[in-house]
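Undergrad: One structure, as structure tokens, below. Some questions next.
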Amino acid sequence: MASSAAVNNPNPQTINQLLAKLTDTDPDFRFMSLNDLHQILTKQKADFLGHDYNTSSRIVDAVIKTLDDQNGEVQNLAVKCIGPLIMKIPVSVLSPALDKLSTLEIKNSVDNSIPSLALRAAISSLPKPVRGVAPTREVIDTYNVISRILIPRILGYSTSSGVTQQKTTSNNGILESSSVESVDVLIEVVRCFGPFLQPLEVEKLQDVVVQVLEKKTTPPPVKKRAVVALAILAPYLTSEVLDEFIARIQKTLKQPKVSPVMRRLYITMMGSLARSIPFKFGEYLPDLVEFVLSPLSQEELQGQLDALSEGNDQLNPEFNEVREAALVALESFLASCGLQMRDYTDKVISACLRYLKFDPNYAVDEDEEMDQDEDEDEDDDEADVDDEFDDETGFDDDDDASWKVRRCAAKALYTLISTRSTDLMEKGTLYREIAAPLVKRFDEREESVRLEIIGTVALLIRKTGEGVIQPISADDELLHTLGGNRKRRRQSSGGLIYTNKAPYLGATGLVSPTRELVPPTGPRADLSKLTPQIVKAATKLLKGKQIATKQAIINLLDDLISVQNGGLSDYFDQVMQPIIDVTKGITGSASSSSIALSGGAVSATATTLRVAVLHFTSDIVKTHSSSLFQPYLENIVAGVVSAVHDRFYKISSEAIRTAEELVKAITPPRARLTIQKYRPELHKLYEIVLERASANDADTEVRQKAIQALGTLISRTSSPDGVALLPADKRQAALELLLNRLRNETTRLYAVRAIDNIAAHSSAPGSLDPAWTQQVALELCAQLRKTNRALRAASAQALQHLILCPATKGHIQADAANEIAAAILPVVAANETYLLSPVLLVVSQLQLEHPRLISSSSFIDPLCELLKKNVAGLALGSLVKLVTNVGQTGMGKPLMEGVLRVGVAGDPTVVGKVAGALFVASGGQVGVTIDSFIDELNKSSKLSPPDTARQSLALAILGEIGLRLGAKSQLRPNIFLGQFHGEPDKVSVSAAVALGRAGAGNISVFLPTILNAIKQSGSQQYLLLQSIREILHQVSASSTDISSYENDIWQLLFSASQLDDNKAICAECIGRLATMEPKTYLPKLQELLKDPSPVFRGVAVQALRYTLPDSDESFDLVLKAVLFDMLLTVLSDENMEIRRLGMTTLNSAAHNKPDLILLHLGELMPYIMTESVVKPELIREVQMGPFKHLVDDGLEVRKSAYETLYALMETAFSRVSSLELYDRVIAGLGDENDIRSLCNLMLSKLIVIDPEETTRRLDTVAECYRKTLSTKLRDGAVKQEVEKQEEAIKSVLRVSLLLAEKTKTTVTGMAGGAGAAVGHDQGQQSAQNPVWQQYWDWVNKDFERQLKALREENKEMGV
């Protein structure tokens, strides 16, 4: 044996020693020698072979000889050696090596596939051409060898005189063996060298593939691979060759007596071509589709049925196979050429429905309900069968394969619904023609077909629900706490955070679900009418024995209640009893039998069925009134308790989730009137949840879910209505357990969230123990120092809710309060934005209970340092609340001294707001007076130059004081107007904002003065408009009445808007007025959209846009009646700028009020699509010095159109025609940089929303991405151009990486040449998206470093 030193340092001598032992009689010696050789070949140090012709030739001869070894392990290792060997040898040796491999005859082994496997491994290891990259000399030489040696061998020609040589007399062509592996050789050649193949070579290869397909003796598996080969060849066919091939198909299928075998063959080819080259094939589709539809016609079906009735059933298998192939091809047409198939929709539906019920051996009247459950006679563990070319069905006693036809019909309908739901749903076609026949076929006797049918109906239900805005959502709790005025949602106040109680807990279920109003017309109305039939058929199947069927039915019913937000109230008795029976039937069963669902992708077992039942139970409890399931509650709880004890963690965790939903359903406030009825069941749920939460031997996920459920249970029984449901000792035991779990690292986060839930909902006095409250508060403070970001955020929120909870008022003693404050100080000093707001609210509440808390410099100094940093939004609101509480407790003076010491070191706006709030809250008892600030303002103004920072600070303080003092304020407008300058500089803007804030507090004094001043056009008009905006903002938040001034403001705003500088601010103010008085001003806005002046139209549409993000329900009711007409008016405006503004308004509506535009989306979409197209007439050439530059005047409106498409894709994808949307996205990938970036973002979402269509478009995406990555900047490009290009490349690579991961694209050759299964997968992948596969290989080679960095970045972000 060769030593390890010889392997690590190979040379010709050691190679010769190994080769000599390859002929040894002992197979172990041969294997070990070959293994050493393989190690040498895979090491980089074996490069000497590239210059040693003799040694390379000897290795090639020896390895090829061992391919015919009598020992199978030696053969397999020889195949494994081929790839690395071919990579190392010189091109001069490659030619004879391929020639020997292609002519190798196996004599000592029964496995004749070895030569083809070795040949494919050799081809995959060769250097390959890459699209968009100039080929190297090595690649060109390699292709020449392939073209001279291998392609003739595939075609069956002699290699002595090239491709045009006459065929040899002996059958020495590679494809003559009629094996799957031989076809794989052709696939590998085309996949690796397709871009280099000459038209004649492609044509000849296509001919030989068709010959394989047409040969009667070709086995079905080989025909399948040949179809894949044809699909891979298709992208390289020239137009002339493709025309001839299509003509050949037409000619063959037009023959009156074409054999069923040939008919099926060519129909299969058409389906394959549609998947491979959808855009090219789409041009031929109108001429070919009838050849696919004709075998599915009623005439041919009737002829077959007549023949069967006469006893002539000889053609039955071939009849079924042709129809199966036709339906598979039809599905391909629908998926790949959706636009071209629209004209044939009615014929497709008729054909699919016709064969959906095609069951010649089981005749039954269509209108007659079957009374027997045929499902019980089926075999649950039937073998999986191939779709197309498998002749052995092994189905029933008559070899009846008609079930394959029915299954393909169901699949075709599934594809039709998935690709055409947008338009067919609105027309009512899907429910009118397809839905009812599908439901009737639920009694299908073959389970695989039945599962396809159920899946198709489930898809139809899901498509019906896509884009529907549910009136009952997770926001119930938020609405419950907001009271009457939802406008407060956007204000910075301490109350805001308190309302966002536990976002990670999902829907809170505070209100009992009510029956949703079904619209009188439309898809949801159609679904409501169909529901009785669905429920009747579903409950019948639930009584059967097939696990897969029952699981599919339960999932379908789950989809039904999700879409209708309930919807089973009228059928509750029909549904719940079978569900409980299913639960009972599997509770004690240990059966693990399973059946593969469609395609073998999913399996159904007793375990998965039980999980599905629990999930459905949870959803039905969540969406239906508690009174409905009250009669079944005892049985439901018994089943859930049993499932919680299950040893399998998925069942146990799902059961706990169901238990949590049951707790929500049977506790107040949802079950306020009937709570005593549910007490026994609640105690059972308490015991089981507590036991699982405390069990150290339980799975971590189970314990975490149990802790969350326990938090929900305690929170629901801590209100005045529910406190009597749970004894005090049990409540305390649960609270102590949560405290214990809070100290455990693995359960800490979930314990924090459970405590947060309890604190957020506890309102009954005495429901929480003071000692427990203090311990938990201190423990939560300790978590603020942890590195886990999620834990810190959850702890801060839980601490806020605990301290602000009415039930814990007075629980925190002075010492504990000081400890909490000391623990919060580092958070304040670190200025962690996501923690700052809740911890400041905690301190503000403690300050009310312990006035001396913030009196020392140890806390005042960090607060003052915070003012020097960037504080805004919720954190600023919480800080203002804190200083307000400090002032109200009489401790404002030392804090004011610290704030004033900060002075201009901080943002004047922030410091002014804090100082003003503290001054007013302290009643002016802070050591300074209003006159002090006025004097400071005057002194700073008189300096030369003026101290603008001090001026701005003084103005901000005075404005805040004026706002908060209101009518008691002695401030007058002249103080602020005196700081207005000729140009709107920093001080002038500060004065304008301060004037507005002070004016909002004292409307009667300030507003008339401002309105009089604004009438005088000039440089101060813009500043006064700033004041008006601030006043409107403040009065809308405080609901101050300014109705007597509204008309004057309206007139002045439109008058001022004629200046370009004033347009934006005037539009915002007009929008604010419209939200305050919608009935008055929305009709005026609608009229202005038709005004002759483009200025007024522009201001009106901008004002409409400003109303959309922040408004209340009363405004929405008025807006709903006019929004569509207003949008239609502006989108059809002749002025391009108005259309752009209209597009941004529609974009805002899609984000903020999708429910107001969904019904009219079909009429709005054409405008969006039109504006997203590049208009050459808007592109002009501009001379810039010596250079000429192209300017696209339509770019901005086009960008707005794409932004709108993106918004609609997120909120109403089901209402947007996906085919047209993808066309625009693909077009945008070649547009300007901003639009390209947006389209990349859209693709990253589309691969999740609609993976099938995205996968079909990958080839086109690859072409666009290759252009972007191949773009070279000109010499001397400026820094901005370089950065923009780098960002564009990074964006493309990021999306490419995501697409590759989602579609499971692998780099060719990574698996080497070992194993036929990998080759099959790669072949299928290449057949579907050959251009994408080549692009991905190129990217991994040329952008390896960037991809590695992106993968690391994704890993760090947890993506």
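Simple scheme: letters A, B, ... for chains in structure tokens order, numbers from 1 for residues in each chain, numbers from 1 for ligands in the order shown.
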Find the spatial neighbours of segment 1037-1048 of chain A, counting only C-alpha atoms, within a cut-off of 12 Å - ignore same-chain residues fewer than 2 positions away - and output them as number ranges by chain.

TA: A: 485-493, 963-964, 966, 999-1004, 1006-1012, 1014-1015, 1028, 1030-1035, 1050-1055, 1069-1070, 1072-1077, 1080-1081, 1084, 1110-1112

Undergrad: So which residues of segment 1199-1323 of chain A fall under helix (DSSP H, G or I) by DSSP, listed as a PyMOL selection string?

TA: chain A and resi 1199-1211+1213-1215+1218-1228+1233-1249+1251-1256+1258-1270+1279-1303+1316-1323

Undergrad: Nearest to Leu459 of chain A: which of A:Asp558, A:Asp1155, A:Glu138, A:Glu321 is it, counting only C-alpha atoms?

TA: A:Asp558

Undergrad: Contacts of His850 of chain A at 10 Å or less, counting only C-alpha atoms, minus same-chain residues fewer than 5 places along, as a short mmCIF file (atom, residue, chain, number, x, y, z; two decimals) with N, CA and C atoms, in the first residue's frame?

TA:
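Wrote it out as out-v6.cif, contents follow:
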```cif
data_model
loop_
_atom_site.label_atom_id
_atom_site.label_comp_id
_atom_site.auth_asym_id
_atom_site.auth_seq_id
_atom_site.Cartn_x
_atom_site.Cartn_y
_atom_site.Cartn_z
N GLY A 810 -49.15 51.25 45.63
CA GLY A 810 -48.69 51.27 47.01
C GLY A 810 -47.89 50.06 47.42
N ILE A 812 -44.89 49.12 46.23
CA ILE A 812 -43.44 49.36 46.19
C ILE A 812 -43.06 50.30 47.32
N GLN A 813 -42.27 49.79 48.27
CA GLN A 813 -41.80 50.61 49.38
C GLN A 813 -40.64 51.49 48.95
N ALA A 814 -40.29 52.44 49.82
CA ALA A 814 -39.28 53.44 49.46
C ALA A 814 -37.94 52.80 49.11
N ALA A 817 -38.17 51.18 45.79
CA ALA A 817 -38.24 52.20 44.74
C ALA A 817 -36.86 52.75 44.43
N ASN A 818 -36.06 52.96 45.47
CA ASN A 818 -34.69 53.46 45.24
C ASN A 818 -33.85 52.43 44.49
N VAL A 843 -40.27 55.29 36.42
CA VAL A 843 -39.75 56.27 37.39
C VAL A 843 -40.78 57.36 37.65
N SER A 844 -41.51 57.76 36.58
CA SER A 844 -42.51 58.82 36.76
C SER A 844 -43.62 58.38 37.70
N GLN A 845 -44.02 57.11 37.62
CA GLN A 845 -45.05 56.60 38.53
C GLN A 845 -44.52 56.49 39.95
N THR A 889 -45.02 67.05 42.34
CA THR A 889 -44.69 66.61 43.70
C THR A 889 -43.84 67.63 44.44
#
```

Undergrad: For Gly83 of chain A, which residue out of A:Ile123, A:Ile249, A:Ile114, A:Leu186 is the nearest one, using only C-alpha atoms?

TA: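 Using only C-alpha atoms, Gly83 of chain A sits closest to A:Ile123.
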